[in-house]
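Next comes target_14.txt, with compact mmCIF, C-alpha atoms.
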# COMPACT_ATOMS: atom_id res chain seq x y z
CA MET A 1 -3.83 21.10 3.74
CA SER A 2 -4.72 18.57 1.08
CA VAL A 3 -1.15 17.56 0.35
CA ALA A 4 2.16 18.95 1.56
CA GLY A 5 5.82 18.13 1.49
CA THR A 6 9.41 19.25 1.01
CA VAL A 7 11.70 18.65 -1.94
CA PHE A 8 15.44 18.34 -1.41
CA ALA A 9 18.26 18.32 -3.92
CA ALA A 10 19.81 15.05 -2.75
CA ILE A 11 18.96 12.16 -0.51
CA ASP A 12 20.98 13.65 2.32
CA GLY A 13 18.16 16.14 2.78
CA LYS A 14 20.49 19.07 3.36
CA GLN A 15 19.61 21.41 0.52
CA PRO A 16 16.01 22.34 -0.21
CA VAL A 17 15.06 22.99 -3.83
CA ALA A 18 13.17 26.13 -4.71
CA GLY A 19 11.03 26.29 -7.81
CA ALA A 20 10.72 22.54 -8.23
CA LYS A 21 7.50 21.55 -9.94
CA VAL A 22 5.44 19.02 -8.01
CA SER A 23 2.82 17.28 -10.14
CA LEU A 24 0.06 15.26 -8.56
CA THR A 25 -2.62 13.25 -10.31
CA ASP A 26 -5.53 11.82 -8.40
CA ALA A 27 -7.74 8.81 -9.03
CA THR A 28 -10.11 10.82 -11.17
CA GLY A 29 -7.28 11.78 -13.50
CA ARG A 30 -7.17 15.38 -12.41
CA THR A 31 -3.64 16.75 -12.29
CA VAL A 32 -2.39 19.74 -10.35
CA ALA A 33 1.06 21.26 -10.29
CA VAL A 34 2.58 23.45 -7.63
CA GLU A 35 6.06 24.91 -7.13
CA THR A 36 8.18 24.62 -4.05
CA ASN A 37 9.15 27.76 -2.14
CA CYS A 38 12.62 28.77 -1.01
CA ALA A 39 12.48 26.23 1.80
CA GLY A 40 11.61 23.45 -0.63
CA ASN A 41 8.12 23.29 0.76
CA PHE A 42 4.91 22.96 -1.19
CA TYR A 43 1.33 22.58 -0.14
CA LEU A 44 -2.15 22.61 -1.52
CA GLU A 45 -5.13 23.73 0.48
CA PRO A 46 -8.48 21.98 0.20
CA SER A 47 -9.94 25.02 -1.51
CA ALA A 48 -7.40 24.56 -4.29
CA TRP A 49 -7.54 20.80 -4.54
CA THR A 50 -9.25 18.05 -2.62
CA PRO A 51 -7.93 14.92 -4.29
CA THR A 52 -9.47 11.52 -4.59
CA PHE A 53 -6.84 9.03 -3.51
CA PRO A 54 -4.72 7.29 -4.68
CA LEU A 55 -2.35 9.84 -6.12
CA ARG A 56 0.56 9.67 -8.52
CA ALA A 57 3.40 12.08 -7.89
CA SER A 58 6.40 13.43 -9.71
CA ILE A 59 8.84 16.27 -9.17
CA SER A 60 10.93 18.13 -11.70
CA LEU A 61 13.32 21.00 -12.13
CA GLY A 62 14.43 21.80 -15.63
CA ALA A 63 15.19 18.52 -17.36
CA GLU A 64 15.50 16.56 -14.13
CA THR A 65 12.42 14.53 -13.18
CA GLN A 66 11.71 11.93 -10.54
CA THR A 67 8.51 9.94 -10.49
CA MET A 68 7.34 8.23 -7.33
CA THR A 69 7.51 4.46 -7.69
CA THR A 70 4.35 3.71 -5.78
CA LEU A 71 0.97 5.31 -5.44
CA ILE A 72 0.06 7.48 -2.49
CA HIS A 73 -2.98 5.74 -1.13
CA ARG A 74 -4.02 8.01 1.72
CA GLU A 75 -1.18 9.95 3.32
CA ALA A 76 -1.32 13.68 2.62
CA SER A 77 2.01 14.48 4.25
CA CYS A 78 5.04 13.37 2.27
CA ALA A 79 7.15 13.36 5.42
CA ALA A 80 5.04 10.68 7.04
CA CYS A 81 6.80 8.14 4.83
CA HIS A 82 9.70 10.21 3.48
CA GLN A 83 11.54 10.58 6.75
CA PRO A 84 14.88 12.37 7.13
CA THR A 85 16.96 9.22 6.93
CA LEU A 86 16.82 6.04 4.90
CA SER A 87 15.62 3.01 6.79
CA ALA A 88 13.75 -0.23 6.25
CA SER A 89 10.52 1.71 6.56
CA SER A 90 11.41 4.92 4.74
CA PRO A 91 12.93 5.77 1.38
CA GLY A 92 14.42 8.92 2.91
CA PRO A 93 13.52 12.46 1.96
CA VAL A 94 11.91 13.46 -1.33
CA PHE A 95 14.85 14.35 -3.52
CA LEU A 96 15.48 15.37 -7.11
CA PHE A 97 19.00 14.34 -8.09
CA LYS A 98 20.11 10.73 -7.77
CA GLY A 99 23.66 11.61 -8.78
CA ALA A 100 25.74 14.65 -8.03
CA VAL A 101 23.77 17.83 -7.48
CA PRO A 102 24.65 20.33 -10.20
CA ALA A 103 25.87 23.76 -9.19
CA GLY A 104 23.33 26.53 -9.04
CA VAL A 105 20.31 24.54 -7.95
CA PRO A 106 18.05 27.16 -6.36
CA GLY A 107 17.09 26.80 -2.73
CA GLY A 108 17.43 28.37 0.65
CA CYS A 109 15.63 31.45 1.91
CA ARG A 110 18.51 33.73 2.76
CA MET B 1 -39.95 -15.23 16.52
CA ARG B 2 -37.07 -13.06 17.65
CA ALA B 3 -35.42 -16.10 19.27
CA ALA B 4 -35.84 -18.09 16.07
CA VAL B 5 -34.18 -15.37 14.08
CA LEU B 6 -31.33 -15.25 16.58
CA ILE B 7 -30.87 -19.01 16.44
CA ALA B 8 -30.95 -18.95 12.65
CA PHE B 9 -28.30 -16.22 12.68
CA VAL B 10 -26.06 -18.18 15.04
CA VAL B 11 -26.47 -21.37 13.04
CA GLY B 12 -25.80 -19.41 9.87
CA CYS B 13 -22.45 -18.33 11.26
CA SER B 14 -21.56 -21.67 12.76
CA GLY B 15 -19.29 -22.59 9.88
CA VAL B 16 -16.60 -20.75 11.77
CA ASP B 17 -15.74 -23.29 14.44
CA GLU B 18 -13.44 -21.76 17.03
CA SER B 19 -12.95 -25.07 18.81
CA ARG B 20 -11.15 -26.56 15.88
CA VAL B 21 -7.49 -27.48 16.07
CA ASN B 22 -5.06 -28.12 13.21
CA LEU B 23 -6.54 -25.25 11.26
CA ARG B 24 -6.14 -25.27 7.55
CA GLU B 25 -3.94 -22.66 5.94
CA PRO B 26 -3.86 -21.49 2.32
CA ASP B 27 -1.05 -22.58 0.04
CA GLN B 28 2.14 -20.84 1.09
CA ALA B 29 4.11 -21.88 -1.98
CA SER B 30 1.91 -19.83 -4.30
CA PHE B 31 1.57 -16.89 -1.93
CA PRO B 32 4.37 -14.78 -3.49
CA ALA B 33 2.29 -14.45 -6.66
CA VAL B 34 -0.65 -13.27 -4.57
CA ALA B 35 1.47 -10.91 -2.51
CA GLU B 36 3.00 -9.28 -5.56
CA ALA B 37 -0.47 -8.82 -7.04
CA LEU B 38 -1.83 -7.21 -3.88
CA ALA B 39 1.21 -5.17 -2.92
CA PRO B 40 0.69 -2.11 -5.17
CA HIS B 41 -2.82 -1.76 -3.73
CA CYS B 42 -2.11 -2.60 -0.10
CA ALA B 43 1.56 -2.51 0.87
CA THR B 44 2.64 1.08 0.35
CA LEU B 45 4.31 2.77 3.27
CA ASP B 46 1.22 4.85 4.02
CA CYS B 47 -0.98 1.77 4.34
CA HIS B 48 -0.11 -1.79 5.36
CA GLY B 49 3.59 -1.19 4.87
CA GLN B 50 3.80 -0.11 8.49
CA VAL B 51 4.87 -2.09 11.51
CA GLY B 52 1.81 -0.93 13.44
CA ARG B 53 -0.63 -2.72 11.17
CA ASN B 54 -2.10 -5.99 12.31
CA PHE B 55 -1.93 -7.01 8.67
CA ARG B 56 1.71 -6.10 8.10
CA PHE B 57 2.69 -6.33 4.46
CA TYR B 58 6.35 -6.45 3.39
CA TRP B 59 7.26 -5.42 -0.14
CA ALA B 60 10.31 -4.40 -2.13
CA ASN B 61 8.80 -0.94 -2.68
CA GLY B 62 7.52 -0.64 0.87
CA LEU B 63 8.35 -1.90 4.33
CA ARG B 64 11.43 -4.12 4.42
CA LEU B 65 12.13 -6.89 6.86
CA ALA B 66 15.91 -6.68 7.09
CA THR B 67 17.10 -3.59 8.91
CA ASP B 68 19.68 -2.91 6.20
CA ALA B 69 17.17 -3.26 3.35
CA ARG B 70 15.60 -0.15 1.84
CA PRO B 71 12.26 0.54 0.19
CA GLY B 72 12.70 0.52 -3.57
CA GLU B 73 15.79 -1.66 -3.57
CA GLY B 74 15.92 -5.14 -5.05
CA THR B 75 12.97 -7.50 -4.93
CA THR B 76 10.72 -8.77 -2.21
CA THR B 77 12.57 -11.59 -0.46
CA ALA B 78 11.24 -15.06 0.29
CA GLU B 79 11.49 -14.26 3.98
CA GLU B 80 9.43 -11.10 3.50
CA HIS B 81 6.75 -13.07 1.68
CA GLN B 82 6.77 -15.59 4.51
CA HIS B 83 6.26 -12.89 7.13
CA THR B 84 3.43 -11.32 5.14
CA TYR B 85 1.84 -14.75 4.77
CA ARG B 86 2.04 -15.31 8.53
CA SER B 87 0.49 -11.91 9.13
CA LEU B 88 -2.35 -12.64 6.72
CA ILE B 89 -3.27 -16.06 8.07
CA ALA B 90 -3.24 -14.72 11.62
CA LEU B 91 -5.98 -12.19 10.90
CA GLU B 92 -8.92 -14.56 11.21
CA PRO B 93 -7.53 -18.07 11.54
CA PHE B 94 -10.82 -19.79 12.28
CA ALA B 95 -12.74 -17.98 9.56
CA LEU B 96 -9.92 -18.66 7.12
CA ASP B 97 -10.05 -22.32 8.06
CA ALA B 98 -13.79 -22.30 7.41
CA ALA B 99 -13.25 -20.68 4.02
CA LEU B 100 -10.64 -23.26 3.12
CA ARG B 101 -13.06 -26.01 4.08
CA GLY B 102 -15.73 -24.42 1.91
CA VAL B 103 -17.99 -23.72 4.87
CA ILE B 104 -17.97 -20.00 4.20
CA ARG B 105 -17.10 -18.13 1.03
CA PRO B 106 -13.75 -16.34 0.72
CA ASP B 107 -15.61 -13.07 0.23
CA GLN B 108 -17.00 -13.42 3.74
CA LEU B 109 -13.53 -12.97 5.21
CA THR B 110 -12.76 -9.60 6.71
CA LEU B 111 -9.64 -9.45 4.56
CA VAL B 112 -11.69 -9.58 1.36
CA ARG B 113 -14.53 -7.43 2.66
CA LYS B 114 -12.14 -4.69 3.70
CA ALA B 115 -10.20 -4.85 0.46
CA ARG B 116 -13.43 -4.48 -1.48
CA GLY B 117 -14.64 -1.69 0.74
CA ALA B 118 -17.60 -3.80 1.82
CA GLU B 119 -16.57 -3.18 5.42
CA ALA B 120 -15.11 -0.10 7.06
CA HIS B 121 -11.56 0.25 5.81
CA LYS B 122 -9.46 3.33 6.35
CA GLY B 123 -7.92 2.87 2.94
CA GLY B 124 -11.33 2.57 1.30
CA ALA B 125 -12.16 0.14 -1.48
CA LYS B 126 -8.91 -1.05 -3.00
CA LEU B 127 -9.90 -4.17 -4.91
CA ALA B 128 -13.06 -4.05 -6.97
CA ALA B 129 -14.90 -7.36 -6.87
CA GLY B 130 -13.90 -9.29 -9.95
CA SER B 131 -10.79 -7.21 -10.64
CA ASP B 132 -7.59 -9.07 -11.35
CA ALA B 133 -6.13 -8.50 -7.90
CA ASP B 134 -9.42 -9.51 -6.27
CA ARG B 135 -9.67 -12.66 -8.39
CA CYS B 136 -6.07 -13.50 -7.56
CA LEU B 137 -6.73 -13.24 -3.82
CA VAL B 138 -10.09 -14.98 -3.78
CA SER B 139 -8.97 -17.81 -6.06
CA TRP B 140 -5.94 -18.41 -3.86
CA ILE B 141 -8.11 -18.69 -0.76
CA ALA B 142 -10.45 -20.99 -2.67
CA GLY B 143 -7.52 -23.25 -3.50
CA ALA B 144 -7.56 -22.71 -7.26
CA LEU B 145 -5.14 -19.86 -7.92
CA ASP B 146 -5.90 -17.77 -10.99
CA SER B 147 -2.28 -17.20 -11.97
CA ALA B 148 -3.18 -15.19 -15.04
CA ALA B 149 -5.16 -12.74 -12.93
CA CYS B 150 -2.26 -12.50 -10.48
CA ASP B 151 0.17 -11.77 -13.31
CA ARG B 152 -2.05 -9.07 -14.72
CA ALA B 153 -2.58 -7.53 -11.30
CA ARG B 154 1.14 -7.54 -10.66
CA ALA B 155 1.64 -5.29 -13.67
CA PHE B 156 -0.53 -2.60 -12.04
CA LYS B 157 1.41 0.61 -11.58

Please go through the file and, once you have read it, give me the structure as structure tokens.
Amino acid sequence: MSVAGTVFAAIDGKQPVAGAKVSLTDATGRTVAVETNCAGNFYLEPSAWTPTFPLRASISLGAETQTMTTLIHREASCAACHQPTLSASSPGPVFLFKGAVPAGVPGGCR
Amino acid sequence: MRAAVLIAFVVGCSGVDESRVNLREPDQASFPAVAEALAPHCATLDCHGQVGRNFRFYWANGLRLATDARPGEGTTTAEEHQHTYRSLIALEPFALDAALRGVIRPDQLTLVRKARGAEAHKGGAKLAAGSDADRCLVSWIAGALDSAACDRARAFK
């Protein structure tokens, strides 16, 4: 995979978000967008996109958008840095809502 | 002939004197400006913002020093800058000393060569020669910090 990750509703990482739009722009200025599946997962295969690092990333669902503060310089797996829990070396999972999660956010594969 | 070339090569590199003591170190007081200029290029969590790196780079938006600090919170602390500084000067202490004495050029240091991509670097070329961040770093090593370049580089997003 070229890039892959999981989007959660909140920083607790409990609820995946389905249908979130993940936008990635590489160093050449080329932007791709992909939606998360019911498990909150997204991925791009090399045949679809082989980016030139560094990348800029943002996620959105409806009017809610979060833009990554830093560039992604070479790590293709979001979870390498976005680990399940906050720590001095991880900002925690990739999540969409900084405040309360509104009702009806899609997610979960049942 | 081959021996002469070898001797010339050795003499050419002899500016780096590994018998020296009391090695010179670059200005620590001005290092925070350099660190903030370099950080967006070098200190993300997928690069030198990792404890496993020999050049370990602390940053407000990356690896934090205090166990209760979090990436993205607050600003880089003085203690974090100090630890990054110690990590940097430990990379090649004798070569850095030689650069500070003007025996070799700053761009001969592995730190600068890797940043420019002039030497194998897993992160590739991050600082183009002559870019603001590059000028900030090289001028600091040379002892004449280009603060304007550092400020411009710091604004990089």

Radius query 6 Å about (-6.8, -5.0, -4.3), atoms used: all atoms listed in the file, as a tab-separated table (two decimals) with C-alpha atoms, in the frame of the given file:
chain	number	residue	atom	x	y	z
B	38	LEU	CA	-1.83	-7.21	-3.88
B	41	HIS	CA	-2.82	-1.76	-3.73
B	115	ALA	CA	-10.20	-4.85	0.46
B	126	LYS	CA	-8.91	-1.05	-3.00
B	127	LEU	CA	-9.90	-4.17	-4.91
B	133	ALA	CA	-6.13	-8.50	-7.90
B	134	ASP	CA	-9.42	-9.51	-6.27

With the cut-off set at 8 Å and counting all atoms listed in the file, tabulate each residue of chain B with an atom at most that distance from an atom of chain A, showing the nearest atom pair and its distance in Å to one decimal, ordered by chain and increasing number, as JSON lines.
{"residue": "B:Pro40", "atom": "CA", "partner": "A:Thr70", "partner_atom": "CA", "distance": 6.9}
{"residue": "B:His41", "atom": "CA", "partner": "A:His73", "partner_atom": "CA", "distance": 7.9}
{"residue": "B:Thr44", "atom": "CA", "partner": "A:Thr70", "partner_atom": "CA", "distance": 6.9}
{"residue": "B:Leu45", "atom": "CA", "partner": "A:Cys81", "partner_atom": "CA", "distance": 6.1}
{"residue": "B:Asp46", "atom": "CA", "partner": "A:Glu75", "partner_atom": "CA", "distance": 5.7}
{"residue": "B:Cys47", "atom": "CA", "partner": "A:His73", "partner_atom": "CA", "distance": 7.0}
{"residue": "B:Gly49", "atom": "CA", "partner": "A:Ser89", "partner_atom": "CA", "distance": 7.7}
{"residue": "B:Gln50", "atom": "CA", "partner": "A:Ser89", "partner_atom": "CA", "distance": 7.2}
{"residue": "B:Asn61", "atom": "CA", "partner": "A:Thr70", "partner_atom": "CA", "distance": 7.1}
{"residue": "B:Gly62", "atom": "CA", "partner": "A:Ser89", "partner_atom": "CA", "distance": 6.8}
{"residue": "B:Leu63", "atom": "CA", "partner": "A:Ser89", "partner_atom": "CA", "distance": 4.8}
{"residue": "B:Arg64", "atom": "CA", "partner": "A:Ala88", "partner_atom": "CA", "distance": 4.9}
{"residue": "B:Leu65", "atom": "CA", "partner": "A:Ala88", "partner_atom": "CA", "distance": 6.9}
{"residue": "B:Ala66", "atom": "CA", "partner": "A:Ala88", "partner_atom": "CA", "distance": 6.9}
{"residue": "B:Thr67", "atom": "CA", "partner": "A:Ala88", "partner_atom": "CA", "distance": 5.4}
{"residue": "B:Asp68", "atom": "CA", "partner": "A:Ala88", "partner_atom": "CA", "distance": 6.5}
{"residue": "B:Ala69", "atom": "CA", "partner": "A:Ala88", "partner_atom": "CA", "distance": 5.4}
{"residue": "B:Arg70", "atom": "CA", "partner": "A:Ala88", "partner_atom": "CA", "distance": 4.8}
{"residue": "B:Pro71", "atom": "CA", "partner": "A:Pro91", "partner_atom": "CA", "distance": 5.4}
{"residue": "B:Gly72", "atom": "CA", "partner": "A:Pro91", "partner_atom": "CA", "distance": 7.2}
{"residue": "B:Gly123", "atom": "CA", "partner": "A:Arg74", "partner_atom": "CA", "distance": 6.6}
{"residue": "B:Lys157", "atom": "CA", "partner": "A:Thr70", "partner_atom": "CA", "distance": 7.2}

Output C-alpha atoms for every residue in that selection, as a short mmCIF file (atom, residue, chain, number, x, y, z; two decimals), in the frame of the given file.
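What ended up in part.cif:
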data_model
loop_
_atom_site.label_atom_id
_atom_site.label_comp_id
_atom_site.auth_asym_id
_atom_site.auth_seq_id
_atom_site.Cartn_x
_atom_site.Cartn_y
_atom_site.Cartn_z
CA PRO B 40 0.69 -2.11 -5.17
CA HIS B 41 -2.82 -1.76 -3.73
CA THR B 44 2.64 1.08 0.35
CA LEU B 45 4.31 2.77 3.27
CA ASP B 46 1.22 4.85 4.02
CA CYS B 47 -0.98 1.77 4.34
CA GLY B 49 3.59 -1.19 4.87
CA GLN B 50 3.80 -0.11 8.49
CA ASN B 61 8.80 -0.94 -2.68
CA GLY B 62 7.52 -0.64 0.87
CA LEU B 63 8.35 -1.90 4.33
CA ARG B 64 11.43 -4.12 4.42
CA LEU B 65 12.13 -6.89 6.86
CA ALA B 66 15.91 -6.68 7.09
CA THR B 67 17.10 -3.59 8.91
CA ASP B 68 19.68 -2.91 6.20
CA ALA B 69 17.17 -3.26 3.35
CA ARG B 70 15.60 -0.15 1.84
CA PRO B 71 12.26 0.54 0.19
CA GLY B 72 12.70 0.52 -3.57
CA GLY B 123 -7.92 2.87 2.94
CA LYS B 157 1.41 0.61 -11.58
#

So how far away is atom CA of B:Ala60 from atom CA of B:Gly74, in Å?
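These two atoms are separated by 6.4 Å.
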
Here atom CA of B:Gly52 and atom CA of B:Thr110 stand apart by 18.2 Å

Hey, what's within 8 Å of A:Glu45 if we count only C-alpha atoms and toss same-chain stuff fewer than 6 positions away? As a ChimeraX atom specification, please?
/A:1-3

Atom CA of A:Ala9 to atom CA of A:Val105, distance in Å rounded to a single decimal
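Between atom CA of A:Ala9 and atom CA of A:Val105 the gap works out to 7.7 Å.
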
Neighbour list for B:Ala98 as a PyMOL selection string, cut-off 10 Å, only C-alpha atoms, skip fewer than 2 positions in-chain
chain B and resi 14-18+20+23-25+92-96+100-106+109

Keeping C-alpha atoms, export the residues of the selection given above as a CSV table (one decimal), in the coordinates of the input.
chain,number,residue,atom,x,y,z
B,14,SER,CA,-21.6,-21.7,12.8
B,15,GLY,CA,-19.3,-22.6,9.9
B,16,VAL,CA,-16.6,-20.8,11.8
B,17,ASP,CA,-15.7,-23.3,14.4
B,18,GLU,CA,-13.4,-21.8,17.0
B,20,ARG,CA,-11.2,-26.6,15.9
B,23,LEU,CA,-6.5,-25.2,11.3
B,24,ARG,CA,-6.1,-25.3,7.6
B,25,GLU,CA,-3.9,-22.7,5.9
B,92,GLU,CA,-8.9,-14.6,11.2
B,93,PRO,CA,-7.5,-18.1,11.5
B,94,PHE,CA,-10.8,-19.8,12.3
B,95,ALA,CA,-12.7,-18.0,9.6
B,96,LEU,CA,-9.9,-18.7,7.1
B,100,LEU,CA,-10.6,-23.3,3.1
B,101,ARG,CA,-13.1,-26.0,4.1
B,102,GLY,CA,-15.7,-24.4,1.9
B,103,VAL,CA,-18.0,-23.7,4.9
B,104,ILE,CA,-18.0,-20.0,4.2
B,105,ARG,CA,-17.1,-18.1,1.0
B,106,PRO,CA,-13.8,-16.3,0.7
B,109,LEU,CA,-13.5,-13.0,5.2

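Residues within 8 Å of A:Val7, counting all atoms listed in the file and excluding same-chain residues fewer than 3 positions away, are Pro16, Val17, Ala20, Thr36, Gly40, Asn41, Pro93, Val94, Phe95 and Leu96 of chain A.
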
10 Å contact set for A:Phe97, all atoms listed in the file, chain neighbours under 4 positions out, as a ChimeraX atom specification:
/A:8-11,60-61,64-66,101-102

Put a box with edges along x, y and z around all the listed atoms of stretch 43-61 of chain A, pad it by 4 Å on each side, then give me its centre and sizes in Å, one decimal, as JSON.
{"center_x": 1.7, "center_y": 16.2, "center_z": -5.8, "size_x": 31.3, "size_y": 25.7, "size_z": 20.6}
